[in-house]
Amino acid sequence: MAKCSRMAAFVTGAAGFIGSTLVDRLLVDGHEVIGYDNFSTGQDLFIADACRAQDFRLIRGDTLDQRHLTEAMSGASIVFHLAANADVRFGTTHPAKDLEQNTIATFNVLEAMRVNSVSRIVFASTASIYGDTDVIPTPEDVAFPVQTSLYAASKLACEGLIEAFCEGFGMQAWIYRLVSILGERYAHGHIFDFYRSLRVDPTRLRVLGDGGQRKSYLYVQDCVDGMLLPLEHSEARVNIFNLGTDGYCSLRESIGWICEYLGVRPVLEYAGGERGWVGDNPFIFLDTTRIRRLGWHPRLTIEDGVVRTLQYLERHQNLLERRP
């Protein structure tokens, strides 16, 4: 895969799961990187290697602090905006959180770009914006259904703001609608929750929904590949790409892989219903034809990604104690 021309990259959420993986890749590829993170969910562990690199500078700050954000972005040539609240499950419990940490934060990033004359942004959106679509696999140009979660609605609003800033201020954007990501530094999601639960009690496992939910997943290094490749090949003002594998699995299948790896056979206790929570789309499977035409393809299967995730959690069990 061809490398991008040297960039001065500003990465929000730099100490997070995907953000820190992207930071490491940018540094390996010879780019200068400014990492920006408030460490609400980011981990010092994830960014430790980057902090030893000559071309990396870490700034602790919040995307809701407009002044600090604008000052921190000085000198950047491109922004990778990955900082966000990703807790879809608890959106209705804290309805303002998605608005503030996703939509308003994205406006602040765009405004900081405008002030600093930064013209390019890469944005991590979500497959959740497709809601309960009837079009499977789902292409980028499908008509949007009713939004099913505050998280997805906030991300769709972010996309709209980015498009408007591109039109109004001559910016260029790459928007990636991601399925759930797996792999090293994963510290949030069903594999994390099931692994932690089975360590405590390997004889039983409580499962939200009926286990029939079907989702596509993507290995984190494949995700980073997909985020970087189009930067050298896309000339449109706004470029939107789905990122996901060419298959999907049911929640039951994922549980089977987890239990097989751990060597356990728990009794499964299903809560029932086709959704695990409000906004849990029961079937997510994306059409990735658009980005595959550029030569991108995922290297790992979903099952391989699950195993890599479990291997990482086994090596870093201290992460399990950092969550309530």
# chains A, B, ... in the order shown; residues from 1 in each chain; ligands from 1

$ select_by_dssp --residues "region 135-191 of chain A" --states "strand (DSSP E)" --output "JSON, numbers by chain"
{"A": [172, 173, 174, 175, 176, 177, 178, 180, 181, 182]}

$ write_last_selection --atoms "N, CA and C atoms" --output "short mmCIF file (atom, residue, chain, number, x, y, z; two decimals), in the first residue's frame"
data_model
loop_
_atom_site.label_atom_id
_atom_site.label_comp_id
_atom_site.auth_asym_id
_atom_site.auth_seq_id
_atom_site.Cartn_x
_atom_site.Cartn_y
_atom_site.Cartn_z
N GLN A 172 -11.63 19.83 2.57
CA GLN A 172 -11.81 18.51 1.96
C GLN A 172 -11.93 17.49 3.07
N ALA A 173 -12.87 16.55 2.92
CA ALA A 173 -13.13 15.59 3.99
C ALA A 173 -13.15 14.16 3.49
N TRP A 174 -12.72 13.26 4.37
CA TRP A 174 -12.86 11.82 4.18
C TRP A 174 -13.65 11.31 5.37
N ILE A 175 -14.84 10.82 5.12
CA ILE A 175 -15.74 10.34 6.17
C ILE A 175 -15.84 8.83 6.06
N TYR A 176 -15.53 8.14 7.16
CA TYR A 176 -15.55 6.68 7.17
C TYR A 176 -16.65 6.18 8.09
N ARG A 177 -17.57 5.42 7.52
CA ARG A 177 -18.64 4.81 8.29
C ARG A 177 -18.19 3.41 8.70
N LEU A 178 -17.85 3.29 9.96
CA LEU A 178 -17.18 2.09 10.47
C LEU A 178 -18.17 1.11 11.09
N SER A 180 -18.17 -2.11 13.91
CA SER A 180 -17.44 -2.24 15.18
C SER A 180 -16.02 -2.75 14.90
N ILE A 181 -15.06 -2.18 15.62
CA ILE A 181 -13.65 -2.49 15.38
C ILE A 181 -13.13 -3.43 16.48
N LEU A 182 -12.28 -4.37 16.08
CA LEU A 182 -11.70 -5.35 16.99
C LEU A 182 -10.17 -5.29 16.92
#

$ residues_around --residues "His68 (chain A)" --least-positions-apart "5" --cutoff "12 Å" --atoms "only C-alpha atoms" --output "PyMOL selection string"
chain A and resi 36-38+59-63+73-74+108-109+112

$ select_by_dssp --residues "region 72-301 of chain A" --states "alpha helix (DSSP H)" --output "MDAnalysis selection string"
chainID A and resid 72 95:98 105:116 150:169 190:200 220:228 251:262 289:292

$ closest_residue --among "A:Glu274, A:Glu100, A:Asp201, A:Glu111" --to "Gln66 (chain A)" --atoms "only C-alpha atoms"
A:Glu111

$ residues_around --residues "Leu58 (chain A)" --least-positions-apart "5" --cutoff "10 Å" --atoms "only C-alpha atoms" --output "PyMOL selection string"
chain A and resi 10-11+14-15+33-37+47+50-51+72

$ closest_residue --among "A:Ile18, A:Val28, A:Leu229, A:Leu150" --to "Ala124 (chain A)" --atoms "only C-alpha atoms"
A:Ile18
